[in-house]
Structures are given as structure tokens and as C-alpha cells.
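Colleague: The file below is model.cif, mmCIF, C-alpha atoms and all ligand atoms:
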data_target
loop_
_atom_site.label_atom_id
_atom_site.label_comp_id
_atom_site.auth_asym_id
_atom_site.auth_seq_id
_atom_site.Cartn_x
_atom_site.Cartn_y
_atom_site.Cartn_z
CA MET A 1 199.21 47.53 106.94
CA PRO A 2 202.85 46.45 106.74
CA ASN A 3 204.14 44.55 109.76
CA HIS A 4 206.67 46.02 112.13
CA ASP A 5 209.74 44.40 110.58
CA ASP A 6 208.85 45.68 107.14
CA ARG A 7 208.30 49.18 108.46
CA HIS A 8 211.60 49.05 110.31
CA ALA A 9 213.47 47.87 107.21
CA ALA A 10 211.82 50.57 105.09
CA PHE A 11 212.77 53.21 107.65
CA LEU A 12 216.38 52.06 107.77
CA ASP A 13 216.46 52.07 104.00
CA ARG A 14 215.09 55.64 103.90
CA VAL A 15 217.68 57.09 106.29
CA GLN A 16 220.52 55.20 104.65
CA ARG A 17 219.49 56.67 101.29
CA GLY A 18 219.85 60.10 102.93
CA GLU A 19 216.13 60.86 103.36
CA LYS A 20 215.16 63.03 106.31
CA ILE A 21 212.82 62.05 109.13
CA GLU A 22 210.14 64.36 110.54
CA ALA A 23 208.55 64.30 114.00
CA THR A 24 205.24 63.02 112.66
CA ASP A 25 206.80 60.09 110.72
CA TRP A 26 206.63 56.56 112.03
CA MET A 27 210.00 55.61 113.52
CA PRO A 28 211.42 52.58 115.34
CA ASP A 29 211.61 52.92 119.12
CA GLU A 30 215.35 52.29 118.93
CA TYR A 31 215.73 55.47 116.85
CA ARG A 32 213.34 57.50 118.98
CA ILE A 33 215.03 56.48 122.24
CA ALA A 34 218.55 57.16 120.95
CA MET A 35 217.48 60.53 119.57
CA VAL A 36 215.77 61.61 122.78
CA LYS A 37 218.85 60.67 124.76
CA PHE A 38 221.14 62.58 122.42
CA LEU A 39 218.93 65.67 122.22
CA GLN A 40 218.37 65.70 125.96
CA MET A 41 222.11 65.62 126.55
CA HIS A 42 222.68 68.34 123.96
CA ALA A 43 220.00 70.59 125.50
CA LEU A 44 221.27 70.07 129.04
CA SER A 45 224.85 70.70 127.90
CA GLU A 46 223.79 74.05 126.45
CA LEU A 47 222.19 74.87 129.77
CA MET A 48 225.17 73.70 131.84
CA GLY A 49 227.58 75.25 129.33
CA ALA A 50 226.25 78.66 130.23
CA LEU A 51 227.38 78.25 133.84
CA PRO A 52 231.22 78.41 133.63
CA GLU A 53 230.92 81.73 131.81
CA LYS A 54 227.99 83.04 133.78
CA GLU A 55 230.42 82.95 136.71
CA TRP A 56 232.43 85.60 134.83
CA VAL A 57 229.59 87.98 133.94
CA PRO A 58 229.81 89.97 137.21
CA ARG A 59 233.61 90.03 136.97
CA ALA A 60 234.09 90.89 133.29
CA PRO A 61 236.85 93.50 132.94
CA THR A 62 234.86 96.08 130.93
CA LEU A 63 231.25 96.91 130.20
CA ALA A 64 231.71 95.87 126.55
CA ARG A 65 233.04 92.45 127.64
CA LYS A 66 230.19 92.08 130.11
CA LEU A 67 227.65 92.76 127.35
CA SER A 68 229.18 90.28 124.91
CA LEU A 69 229.48 87.59 127.60
CA MET A 70 225.88 88.15 128.69
CA ALA A 71 224.75 87.84 125.09
CA LYS A 72 226.65 84.58 124.73
CA VAL A 73 225.30 83.11 127.97
CA GLN A 74 221.78 84.06 126.88
CA ASP A 75 222.32 82.37 123.50
CA GLU A 76 223.36 79.13 125.22
CA VAL A 77 220.21 79.10 127.32
CA GLY A 78 218.26 79.87 124.13
CA HIS A 79 219.90 76.88 122.40
CA ALA A 80 218.77 74.69 125.28
CA GLN A 81 215.19 75.92 124.76
CA LEU A 82 215.24 75.26 121.00
CA ILE A 83 216.65 71.76 121.38
CA LEU A 84 214.35 70.86 124.28
CA ARG A 85 211.40 71.76 122.05
CA VAL A 86 212.62 69.24 119.46
CA ALA A 87 213.31 66.63 122.15
CA GLU A 88 209.83 67.03 123.64
CA ASP A 89 208.07 66.11 120.40
CA LEU A 90 210.15 62.95 120.19
CA ALA A 91 209.75 62.06 123.85
CA ALA A 92 205.98 62.56 124.03
CA PRO A 93 205.07 59.07 122.75
CA LEU A 94 207.46 57.66 125.39
CA GLY A 95 205.40 59.43 128.05
CA LYS A 96 208.12 61.92 128.88
CA GLY A 97 207.59 65.67 129.02
CA ARG A 98 209.76 68.74 129.18
CA GLU A 99 209.78 68.71 132.98
CA GLU A 100 211.21 65.15 133.13
CA LEU A 101 213.79 65.84 130.42
CA VAL A 102 215.10 68.75 132.45
CA ALA A 103 214.82 67.15 135.90
CA GLU A 104 216.69 63.96 134.94
CA LEU A 105 219.87 66.03 135.16
CA PHE A 106 219.52 66.05 138.94
CA THR A 107 219.06 62.29 139.30
CA GLY A 108 222.13 61.59 137.13
CA GLU A 109 219.96 59.78 134.55
CA ALA A 110 220.79 62.50 132.06
CA LYS A 111 224.36 63.68 131.48
CA PHE A 112 225.85 66.95 130.41
CA HIS A 113 228.92 67.36 128.24
CA ASN A 114 232.26 66.45 129.84
CA VAL A 115 233.83 69.82 129.04
CA PHE A 116 231.45 71.69 131.35
CA HIS A 117 232.66 69.83 134.43
CA MET A 118 235.92 71.80 134.32
CA PRO A 119 236.84 74.91 136.32
CA ALA A 120 237.21 78.39 134.77
CA PRO A 121 239.27 80.24 137.40
CA THR A 122 240.51 83.25 135.36
CA TRP A 123 239.20 85.70 132.76
CA ALA A 124 241.44 83.97 130.20
CA ASP A 125 239.42 80.79 130.81
CA ALA A 126 236.31 82.65 129.67
CA GLY A 127 238.21 83.58 126.50
CA ILE A 128 239.47 80.05 125.90
CA ILE A 129 235.97 78.66 126.39
CA GLY A 130 234.50 81.09 123.84
CA TRP A 131 237.24 80.50 121.31
CA LEU A 132 238.20 76.84 121.63
CA VAL A 133 235.38 75.10 123.50
CA ASP A 134 232.77 76.75 121.27
CA GLY A 135 235.13 76.07 118.35
CA ALA A 136 235.07 72.37 119.24
CA ALA A 137 231.28 72.51 119.66
CA VAL A 138 230.86 73.97 116.18
CA VAL A 139 233.05 71.24 114.67
CA SER A 140 230.77 68.56 116.14
CA GLN A 141 227.50 70.42 115.55
CA ALA A 142 228.30 71.38 111.95
CA ALA A 143 228.82 67.67 111.27
CA LEU A 144 225.19 67.14 112.35
CA LEU A 145 223.65 69.71 109.99
CA THR A 146 222.97 66.83 107.58
CA SER A 147 221.54 64.63 110.33
CA SER A 148 218.72 62.26 109.41
CA TYR A 149 216.44 63.94 111.95
CA ALA A 150 215.26 67.07 110.12
CA PRO A 151 213.74 69.03 113.06
CA TYR A 152 217.10 68.88 114.84
CA ALA A 153 219.05 69.79 111.69
CA ARG A 154 216.81 72.86 111.23
CA VAL A 155 217.38 74.05 114.79
CA LEU A 156 221.12 73.50 114.42
CA GLN A 157 221.26 76.04 111.60
CA ARG A 158 220.34 78.80 114.05
CA VAL A 159 222.54 77.32 116.78
CA CYS A 160 225.61 77.16 114.52
CA ALA A 161 225.05 80.70 113.25
CA GLU A 162 225.02 81.98 116.84
CA GLU A 163 228.06 79.86 117.73
CA GLY A 164 229.92 81.81 115.05
CA PHE A 165 229.40 84.91 117.21
CA HIS A 166 230.60 83.02 120.32
CA ILE A 167 233.85 82.11 118.64
CA GLN A 168 234.47 85.69 117.45
CA HIS A 169 233.76 86.91 120.98
CA GLY A 170 236.21 84.34 122.43
CA GLU A 171 238.85 85.18 119.81
CA SER A 172 238.49 88.85 120.66
CA ILE A 173 239.20 88.15 124.36
CA CYS A 174 242.13 85.84 123.57
CA LEU A 175 243.68 88.22 121.02
CA ALA A 176 243.49 91.09 123.50
CA LEU A 177 245.26 88.99 126.16
CA ALA A 178 247.84 87.66 123.68
CA GLU A 179 248.70 91.25 122.71
CA GLY A 180 248.55 92.50 126.30
CA THR A 181 251.03 92.73 129.16
CA PRO A 182 253.35 89.80 129.98
CA ALA A 183 251.04 88.94 132.88
CA GLN A 184 247.99 88.84 130.57
CA ARG A 185 249.87 86.67 128.08
CA GLN A 186 250.86 84.33 130.88
CA MET A 187 247.26 84.15 132.07
CA LEU A 188 246.22 83.09 128.56
CA GLN A 189 248.98 80.48 128.37
CA ASP A 190 247.98 79.10 131.79
CA ALA A 191 244.34 78.85 130.69
CA LEU A 192 245.37 77.00 127.52
CA ASN A 193 247.45 74.59 129.62
CA ARG A 194 244.45 73.99 131.84
CA TRP A 195 242.03 73.40 128.94
CA TRP A 196 244.17 71.45 126.47
CA GLU A 197 243.41 67.98 127.84
CA ALA A 198 239.73 68.87 128.20
CA LEU A 199 239.68 69.92 124.53
CA LEU A 200 241.00 66.50 123.49
CA LEU A 201 238.57 64.71 125.82
CA PHE A 202 235.78 66.86 124.34
CA PHE A 203 235.22 64.58 121.34
CA GLY A 204 235.36 61.34 123.33
CA PRO A 205 237.61 58.29 122.87
CA PRO A 206 238.72 57.40 119.31
CA GLU A 207 237.01 54.02 119.26
CA SER A 208 233.63 54.75 120.75
CA ASN A 209 231.98 51.33 120.75
CA SER A 210 229.06 52.27 122.91
CA PRO A 211 225.78 50.72 121.77
CA SER A 212 224.05 54.12 121.72
CA ALA A 213 226.75 55.56 119.41
CA ALA A 214 226.29 52.57 117.07
CA VAL A 215 222.57 53.32 116.82
CA LEU A 216 223.28 56.96 115.89
CA PHE A 217 225.61 55.85 113.09
CA LYS A 218 223.28 53.13 111.85
CA TYR A 219 220.44 55.59 111.33
CA ARG A 220 222.67 58.28 109.81
CA PHE A 221 221.99 60.61 112.66
CA ARG A 222 225.74 61.12 112.72
CA THR A 223 228.34 60.11 110.18
CA LYS A 224 231.69 61.39 111.54
CA THR A 225 233.63 59.47 114.21
CA ASN A 226 235.00 61.08 117.37
CA GLU A 227 238.51 60.91 115.97
CA GLU A 228 237.55 62.47 112.63
CA LEU A 229 236.02 65.40 114.52
CA ARG A 230 239.05 65.78 116.80
CA GLN A 231 241.38 65.80 113.78
CA LYS A 232 239.24 68.47 112.16
CA PHE A 233 239.43 70.56 115.32
CA LEU A 234 243.23 70.19 115.51
CA THR A 235 243.66 71.14 111.85
CA LYS A 236 241.63 74.28 112.33
CA TYR A 237 242.90 75.45 115.71
CA VAL A 238 246.48 74.24 116.29
CA PRO A 239 247.93 76.60 113.64
CA ARG A 240 245.96 79.52 115.08
CA ILE A 241 247.17 78.78 118.63
CA TRP A 242 250.76 78.54 117.39
CA ALA A 243 250.39 81.73 115.35
CA LEU A 244 249.69 83.62 118.60
CA GLY A 245 253.01 82.31 119.92
CA LEU A 246 251.32 80.15 122.55
CA THR A 247 252.70 76.76 123.54
CA ILE A 248 250.44 73.72 123.40
CA PRO A 249 251.28 71.60 126.44
CA ASP A 250 252.03 68.42 124.47
CA PRO A 251 255.61 67.82 123.26
CA GLN A 252 254.37 64.93 121.05
CA LEU A 253 251.92 67.08 119.11
CA ARG A 254 252.75 67.21 115.37
CA PHE A 255 251.11 66.75 112.00
CA ASP A 256 252.15 63.46 110.43
CA GLU A 257 252.33 64.39 106.73
CA GLU A 258 252.45 60.79 105.57
CA ALA A 259 249.48 59.62 107.58
CA GLY A 260 247.73 62.96 106.99
CA ARG A 261 246.75 63.23 110.62
CA TRP A 262 247.68 64.85 113.91
CA VAL A 263 249.68 62.82 116.40
CA TYR A 264 249.07 63.77 120.02
CA THR A 265 249.59 62.42 123.51
CA PRO A 266 246.31 60.72 124.38
CA PRO A 267 244.49 62.42 127.23
CA ASP A 268 243.62 60.40 130.31
CA TRP A 269 240.43 58.81 128.96
CA SER A 270 239.59 57.39 132.41
CA LYS A 271 238.68 60.97 133.41
CA LEU A 272 235.61 60.64 131.20
CA LYS A 273 234.34 57.78 133.35
CA ALA A 274 234.52 59.86 136.52
CA ILE A 275 232.81 62.76 134.74
CA ALA A 276 230.05 60.45 133.50
CA ARG A 277 229.34 59.66 137.17
CA ASN A 278 229.29 63.42 137.87
CA GLN A 279 232.58 63.11 139.72
CA GLY A 280 234.52 65.59 137.60
CA PRO A 281 236.32 68.58 139.13
CA LEU A 282 233.25 70.86 139.29
CA SER A 283 230.39 68.42 138.50
CA GLN A 284 228.68 68.71 141.85
CA TYR A 285 229.29 72.45 142.19
CA ARG A 286 227.72 73.20 138.81
CA LEU A 287 224.82 70.79 139.39
CA GLY A 288 224.27 72.67 142.64
CA LEU A 289 224.13 75.98 140.76
CA ARG A 290 221.70 74.52 138.27
CA ARG A 291 219.49 73.12 141.03
CA LEU A 292 219.47 76.52 142.70
CA SER A 293 218.41 78.36 139.54
CA TYR A 294 215.85 75.64 138.80
CA GLU A 295 214.31 76.15 142.24
CA GLN A 296 214.58 79.92 142.10
CA GLY A 297 212.90 79.91 138.69
CA ARG A 298 210.04 77.69 139.80
CA TRP A 299 207.67 80.60 140.43
CA VAL A 300 208.31 81.83 136.88
CA ARG A 301 207.43 78.45 135.38
CA GLU A 302 204.33 78.29 137.53
CA ALA A 303 203.30 81.82 136.56
CA LEU A 304 203.75 80.90 132.88
CA LEU A 305 201.58 77.83 133.41
CA ALA A 306 198.78 79.75 135.08
CA PRO A 307 197.01 81.01 131.92
CA ALA A 308 197.10 77.50 130.43
CA ALA A 309 195.55 76.06 133.57
CA GLN A 310 192.77 78.66 133.50
CA ALA A 311 192.03 78.13 129.84
CA VAL A 312 191.67 74.34 130.11
CA MET B 313 198.36 63.48 116.74
CA ALA B 314 199.21 66.70 118.53
CA LEU B 315 202.92 66.83 119.03
CA GLY B 316 204.30 66.48 122.52
CA ALA B 317 205.32 69.06 125.05
CA HIS B 318 204.52 69.29 128.69
CA PRO B 319 200.85 68.39 129.08
CA ARG B 320 200.11 71.74 130.68
CA PHE B 321 202.03 73.92 128.24
CA ARG B 322 200.81 74.36 124.70
CA VAL B 323 203.03 74.41 121.66
CA TYR B 324 202.88 77.55 119.53
CA GLU B 325 204.40 77.67 116.07
CA ILE B 326 206.14 80.98 115.48
CA PHE B 327 206.24 83.02 112.26
CA VAL B 328 208.37 86.13 111.94
CA GLN B 329 208.09 88.91 109.36
CA LYS B 330 211.39 90.73 109.07
CA ASP B 331 210.11 93.73 107.08
CA HIS B 332 206.98 94.79 105.21
CA GLN B 333 208.36 93.56 101.89
CA SER B 334 208.76 90.00 103.23
CA PRO B 335 206.26 87.29 104.10
CA HIS B 336 205.96 85.82 107.59
CA VAL B 337 208.36 82.88 107.77
CA TRP B 338 208.17 79.96 110.17
CA VAL B 339 211.18 80.01 112.51
CA GLY B 340 210.38 77.35 115.14
CA SER B 341 208.11 76.76 118.09
CA VAL B 342 207.85 77.59 121.78
CA ASP B 343 206.06 76.15 124.81
CA ALA B 344 203.78 78.65 126.49
CA GLY B 345 200.70 78.91 128.66
CA SER B 346 199.07 81.54 126.45
CA ALA B 347 199.44 83.13 123.03
CA GLU B 348 200.57 86.34 124.69
CA ASP B 349 203.41 84.54 126.47
CA ALA B 350 204.25 82.66 123.29
CA ILE B 351 204.85 85.95 121.47
CA LEU B 352 207.04 87.22 124.29
CA LEU B 353 209.05 83.98 124.37
CA ALA B 354 209.32 84.04 120.58
CA ARG B 355 210.87 87.50 120.70
CA GLU B 356 213.41 86.29 123.27
CA SER B 357 214.14 83.05 121.39
CA PHE B 358 214.27 84.18 117.78
CA LEU B 359 214.80 87.94 117.72
CA ARG B 360 217.74 88.58 120.02
CA ARG B 361 219.59 90.10 117.06
CA ASP B 362 217.45 90.23 113.93
CA PRO B 363 215.02 93.08 113.37
CA ALA B 364 211.35 92.30 112.70
CA VAL B 365 208.02 94.05 112.29
CA SER B 366 205.61 91.26 113.23
CA ILE B 367 205.34 87.91 115.01
CA TRP B 368 202.54 85.39 114.58
CA ALA B 369 202.01 82.67 117.18
CA VAL B 370 199.71 79.85 116.06
CA GLU B 371 198.69 77.07 118.37
CA GLN B 372 200.09 73.89 116.89
CA SER B 373 196.81 72.04 117.25
CA ALA B 374 195.16 74.62 114.96
CA ILE B 375 197.40 73.72 112.03
CA HIS B 376 196.06 71.42 109.34
CA ARG B 377 198.87 69.54 107.69
CA THR B 378 199.66 67.18 104.86
CA ASP B 379 201.23 63.84 105.64
CA TYR B 380 204.88 63.55 104.61
CA ALA B 381 204.16 59.99 103.53
CA ASP B 382 201.50 61.14 101.07
CA ARG B 383 203.82 61.71 98.14
CA ASP B 384 201.04 61.27 95.59
CA PHE B 385 199.53 64.53 96.74
CA PHE B 386 202.64 66.36 95.59
CA ALA B 387 203.21 64.25 92.49
CA ARG B 388 204.12 66.18 89.35
CA GLU B 389 203.19 63.71 86.71
CA THR B 390 203.12 66.17 83.84
CA ASP B 391 205.88 68.24 82.33
CA LYS B 392 205.52 71.71 83.90
CA ARG B 393 207.81 73.57 81.51
CA TYR B 394 204.84 75.17 79.77
CA ARG B 395 204.23 77.13 83.01
CA THR B 396 207.75 78.33 83.69
CA LEU B 397 210.24 80.92 82.42
CA ALA B 398 212.68 78.16 81.63
CA GLY B 399 210.15 76.66 79.25
CA TYR B 400 210.44 79.67 76.90
CA ARG B 401 213.60 81.58 77.65
CA ALA B 402 216.15 79.63 75.60
CA ALA B 403 213.94 79.31 72.51
CA ASN B 404 212.99 83.00 72.63
CA ALA B 405 216.61 84.10 72.96
CA GLU B 406 217.45 82.02 69.93
CA ARG B 407 214.71 83.68 67.87
CA TRP B 408 215.54 87.19 69.05
CA ARG B 409 219.03 86.75 67.68
CA LYS B 410 218.02 87.55 64.10
CA TYR B 411 216.46 90.87 65.20
CA ARG B 412 219.59 91.88 67.08
CA ARG B 413 220.82 94.43 64.55
CA GLU B 414 217.46 96.18 64.28
CA LEU B 415 217.12 96.18 68.01
CA LEU B 416 220.53 97.75 68.54
CA ASP B 417 219.85 100.43 65.93
CA LEU B 418 216.49 101.29 67.45
CA GLU B 419 217.88 101.45 70.93
CA ARG B 420 220.64 103.77 69.73
CA ASP B 421 218.01 106.02 68.18
CA PHE B 422 216.09 106.23 71.40
CA VAL B 423 219.16 107.00 73.43
CA ARG B 424 220.13 109.79 70.98
CA ASP B 425 216.73 111.38 71.30
FE FE A 501 225.40 76.79 122.18
FE FE A 502 228.28 78.63 122.23
#
Mind turning this structure into C-alpha cells?
Modeller:
Amino acid sequence: MPNHDDRHAAFLDRVQRGEKIEATDWMPDEYRIAMVKFLQMHALSELMGALPEKEWVPRAPTLARKLSLMAKVQDEVGHAQLILRVAEDLAAPLGKGREELVAELFTGEAKFHNVFHMPAPTWADAGIIGWLVDGAAVVSQAALLTSSYAPYARVLQRVCAEEGFHIQHGESICLALAEGTPAQRQMLQDALNRWWEALLLFFGPPESNSPSAAVLFKYRFRTKTNEELRQKFLTKYVPRIWALGLTIPDPQLRFDEEAGRWVYTPPDWSKLKAIARNQGPLSQYRLGLRRLSYEQGRWVREALLAPAAQAV
Amino acid sequence: MALGAHPRFRVYEIFVQKDHQSPHVWVGSVDAGSAEDAILLARESFLRRDPAVSIWAVEQSAIHRTDYADRDFFARETDKRYRTLAGYRAANAERWRKYRRELLDLERDFVRD
């Protein structure tokens, strides 16, 4: 039986050679803990990400828009379920179950993505979320399709495929507004102004030196830095935004040909700190909504548990 | 070791058959209190868009599995070309070449008939 240090070194060697890890493999606690934390945050962000748009389901302008928005919201909740399932298998040896992974959102122990702490006051916000927020999500999730943790990478294939639909749905809303009346165009421009900083904050600060991020890089769970992902996002979406004749609210924004990168006015990174303490613009409001649906859904969870309890 | 999940829920592995010409394919797993619920949850989780003709839900604990670490079990120590198309195709094509003219003439005859 190899000792712990040997096993750890062999594991590190495996992931650094590009080998994939399965749930039943031995893994160092450091890896397991970092993965659980990441997956828990991803799952909860899918769940919380459904809320800003769910607010628009009853107010969607047409039946067709209501159907597509409902389908998208349902997908996001479905993503949360798929990812929670992966997280559970990893968390079980740590003595944590599904219930705890979900409930830690309410105690603040578990976070949800910074972008879902922002308000969505108009229908154009629903469009911008579908097009650009989901666009940003796909940029970061696609970079994880080659992640060292195979069960997560497998689930991401389905998630990314469905995100493709979300982006088309968001583009469809934004294109309709861009080609609409002056008031509709203005509503779209206002929504873009509102979301631009949030879209830059989305990927996190350029030099993320957090110890948990370092662990994810070390074990090849992720390989692209925050800044690389943000640049990728800008390259894909800035030309499209400009092509619609919209103005990006940053006079400094330009592509530096020589450096081969986008130059932009840095967002106010300190906002991320407030959001991490659930003190963002709508943090408490959305947590309240989540708590409400968690409580209102309790009888469903208990009903689903009943056959298991009888069978044991 | 049975994999995780809430102690009271059971994990069901889900297999979906998209049409009668295709085999059931594993798509993921769900937590459920019963096999019946697992099938319902599987439909909601995996078939919101894709058509299907059948779902299997198998309790995870019922699955017998190989160990990923046991690479010897899957070792292919011998050359397997003698079992495959690739083991014969190139050499056969080479040999057919000298019958090409006869083959073309014969085929033309058949088509004319
Ligand atoms: Fe999603
Ligand atoms: Fe999405």
C-alpha cells in the first residue's frame, strides 16, 4: 500500500499529464474540497440564475416569448440538478449531503455567482441576460469541458448544448428590440449600460490569487485565467454589440492590435467584495425568493422521500 | 462504496433509448425515493427536448463495476489487427487492383442486361 505522499504525488502527476479523474478514484482531500466548493457554487448559481428571468415570465410580451423564457428558466434549474448530483458524490465522503449543499446558500457559507445579484428591471434586461450573461457563462463553461474531473466535464456537455439555446433566445429578444421602435432601442441601450460593468466583473479580477483558485489550476481542473476568459468574451461579443449600432458605455474600450488584447476601463472590483458578503444590489431580495421557494417546495421533497422511507 | 447522495434518497442511473434502432445509452443519474419517481425525474431532466421511446432507471447500488485503476483487465497485449477490417482492407484493395478490368467489364454486362 503506497503511503499518502506517494499517492498524492501520483495523483498530481496523473492530472498534470491530462488524465481524467472519476468519482470512485482515490483523490487528495485538497482536490475533493476545492471541487465540492466549485461545483456547489456552480449548482447554486444555476439555481439563483433562474430568478432574475423568472421575474419576467409573467410579464413576457408575447406567448412565444413566455414559452421560450420558461424553457430557459427550466433548463437552468435542470443544470442545478445535474451539477448537484455530481457534487453529492464528491461531498459524501466529507459527510455532506444534497440537503446541506443546498441549504448552505442561506447561511452565506456557499456563494452564488456575482452576476445574479444584479437587478433586471426591464424586458431588455431579460434579453441581455440571455444573450450576454449566458454568452459569458458559455465562455467560462466551455473552458471547463476538458476539466480533470470527468463526471463534471460530462455533465457540462449537456449544459453547454442547452446554453446554446439560451443565447439564441437572448439574441432573438435583443435583435427584435434593436430593430424595433426608438423607445425599444433605447430600452436595449439602457439595459446594456446597466449590465456592462457586471459583464466585466463576471469573470473576476485579472490576478485572482485566491488559494482556492490556485488549487483548481494546480490540479488542471481549470486552465484559463479570468483575464483570458474575459478577453475571449470581448472578442466574441464586442463586435456583435457594435454591429447592432449599440454604444458600449466605456470610452476607453478598444482592441490593442500590438498587444493583441482588449483595453477597457477596469470595473469597480471592490463591488465583488460586497457581493461576496451578499451585500450586492439584489442579494438579499433574491435569497429571500429562494428561501421562499425552498420552503414552499418542502412538501414536494418530503413527498418524494416518502417511498424511500417506506422501502428502508 | 456506494456513491453519495442524501442518505434518504437513492441514486438511480438513467439510460435513454432514443428510437428502436438505437441501444439504451447512459445519460446521467438522478436522486429519487423510488424507481417510479426516478423515471419521472429522468424525463424532466434529460428529455425536455429530445424524443425517446424508453427510459431505464437502475439503482446505482445494483451496478457491478470494474475499477478504473485496474488497467490490466483492459490490457491489449496482442496485436488485434487480425480481428478488424483495417487488418485486411488495404492488402485486399491492393490485390483486387489486378482484377479491375475484368470487374468493370462484368459489371457493365450486368448493367446492360
Ligand atoms: Fe445554465
Ligand atoms: Fe443559461
Colleague: Find the residue from A:Gly297, A:Gly280, A:Gly164, A:Pro93 that sits nearest to chain B; use all atoms listed in the file when measuring.
Modeller: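 Among the listed residues, the smallest separation from chain B belongs to A:Pro93.
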Colleague: Restricting the calculation to all atoms listed in the file, which member of A:Thr24, A:Thr122, A:Thr223, A:Gln141 is positioned closest to ligand FE 502 (chain A)?
Modeller: A:Gln141
Colleague: Using all atoms listed in the file, find each residue in chain A having at least one atom no more than 12 Å away from ligand FE 501 (chain A); report its shortest atom-to-atom pair and that distance in Å (one decimal), rows by chain then rising number, as CSV.
Modeller:
residue,atom,partner,partner_atom,distance
A:His42,CA,A:FE501,FE,9.1
A:Ala43,CA,A:FE501,FE,8.9
A:Leu44,CA,A:FE501,FE,10.5
A:Ser45,CA,A:FE501,FE,8.4
A:Glu46,CA,A:FE501,FE,5.3
A:Leu47,CA,A:FE501,FE,8.5
A:Met48,CA,A:FE501,FE,10.1
A:Gly49,CA,A:FE501,FE,7.6
A:Ala50,CA,A:FE501,FE,8.3
A:Leu51,CA,A:FE501,FE,11.9
A:Ala71,CA,A:FE501,FE,11.4
A:Lys72,CA,A:FE501,FE,8.3
A:Val73,CA,A:FE501,FE,8.6
A:Gln74,CA,A:FE501,FE,9.4
A:Asp75,CA,A:FE501,FE,6.5
A:Glu76,CA,A:FE501,FE,4.3
A:Val77,CA,A:FE501,FE,7.7
A:Gly78,CA,A:FE501,FE,8.0
A:His79,CA,A:FE501,FE,5.5
A:Ala80,CA,A:FE501,FE,7.6
A:Gln81,CA,A:FE501,FE,10.6
A:Leu82,CA,A:FE501,FE,10.3
A:Ile83,CA,A:FE501,FE,10.1
A:His113,CA,A:FE501,FE,11.7
A:Ile129,CA,A:FE501,FE,11.5
A:Gly130,CA,A:FE501,FE,10.2
A:Val133,CA,A:FE501,FE,10.2
A:Asp134,CA,A:FE501,FE,7.4
A:Gly135,CA,A:FE501,FE,10.5
A:Ala136,CA,A:FE501,FE,11.0
A:Ala137,CA,A:FE501,FE,7.7
A:Val138,CA,A:FE501,FE,8.6
A:Ser140,CA,A:FE501,FE,11.5
A:Gln141,CA,A:FE501,FE,9.4
A:Ala142,CA,A:FE501,FE,11.9
A:Val155,CA,A:FE501,FE,11.2
A:Leu156,CA,A:FE501,FE,9.5
A:Gln157,CA,A:FE501,FE,11.4
A:Arg158,CA,A:FE501,FE,9.8
A:Val159,CA,A:FE501,FE,6.1
A:Cys160,CA,A:FE501,FE,7.7
A:Ala161,CA,A:FE501,FE,9.8
A:Glu162,CA,A:FE501,FE,7.5
A:Glu163,CA,A:FE501,FE,6.0
A:Gly164,CA,A:FE501,FE,9.8
A:Phe165,CA,A:FE501,FE,10.3
A:His166,CA,A:FE501,FE,8.3
A:Ile167,CA,A:FE501,FE,10.6
Colleague: At a cut-off of 7 Å, using only C-alpha atoms, what residues contact Ala91 in chain A? Leave out same-chain residues fewer than 5 positions from it and give the result as JSON, numbers by chain.
Modeller: {"A": [36, 96, 97]}
Colleague: When you look at Gly127 in chain A with a cut-off of 6 Å (counting all atoms listed in the file), what residues show up, excluding the ones that are within fewer than 5 positions of it in the same chain? I need them as a list in words.
Modeller: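 Contacts, in chain order: Gly170, Ile173 and Cys174 of chain A.
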Colleague: Residues as selected, C-alpha atoms, written as a tab-separated table (two decimals), in the coordinates of the input, can you do that?
Modeller:
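Final file, part.tsv:
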chain	number	residue	atom	x	y	z
A	170	GLY	CA	236.21	84.34	122.43
A	173	ILE	CA	239.20	88.15	124.36
A	174	CYS	CA	242.13	85.84	123.57
Colleague: Contacts from chain A to chain B, 7 Å maximum, all atoms listed in the file: show me the residue list as a PyMOL selection string.
Modeller: chain A and resi 78+85+88-89+92+97-99+304-309
Colleague: Contacts of His4 in chain A at 12 Å or less, counting all atoms listed in the file, minus same-chain residues fewer than 6 places along, as a short mmCIF file (atom, residue, chain, number, x, y, z; two decimals) with C-alpha atoms, keeping the file's coordinate frame?
Modeller:
data_model
loop_
_atom_site.label_atom_id
_atom_site.label_comp_id
_atom_site.auth_asym_id
_atom_site.auth_seq_id
_atom_site.Cartn_x
_atom_site.Cartn_y
_atom_site.Cartn_z
CA ALA A 10 211.82 50.57 105.09
CA PHE A 11 212.77 53.21 107.65
CA TRP A 26 206.63 56.56 112.03
CA MET A 27 210.00 55.61 113.52
CA PRO A 28 211.42 52.58 115.34
CA ASP A 29 211.61 52.92 119.12
#
Colleague: Pick from A:Glu53, A:Asp125, A:Asp250, A:Glu109: nearest to ligand FE 502 (chain A), with all atoms listed in the file counted?
Modeller: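 Selected residue with least distance to ligand FE 502 (chain A): A:Glu53.
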Colleague: In terms of the shortest atom-to-atom distance over only C-alpha atoms and all ligand atoms, which of A:Ser283, A:Ser270, A:Asn193, A:Gln168 is closest to ligand FE 502 (chain A)?
Modeller: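 Between A:Ser283, A:Ser270, A:Asn193, A:Gln168, the residue approaching ligand FE 502 (chain A) most closely is A:Gln168.
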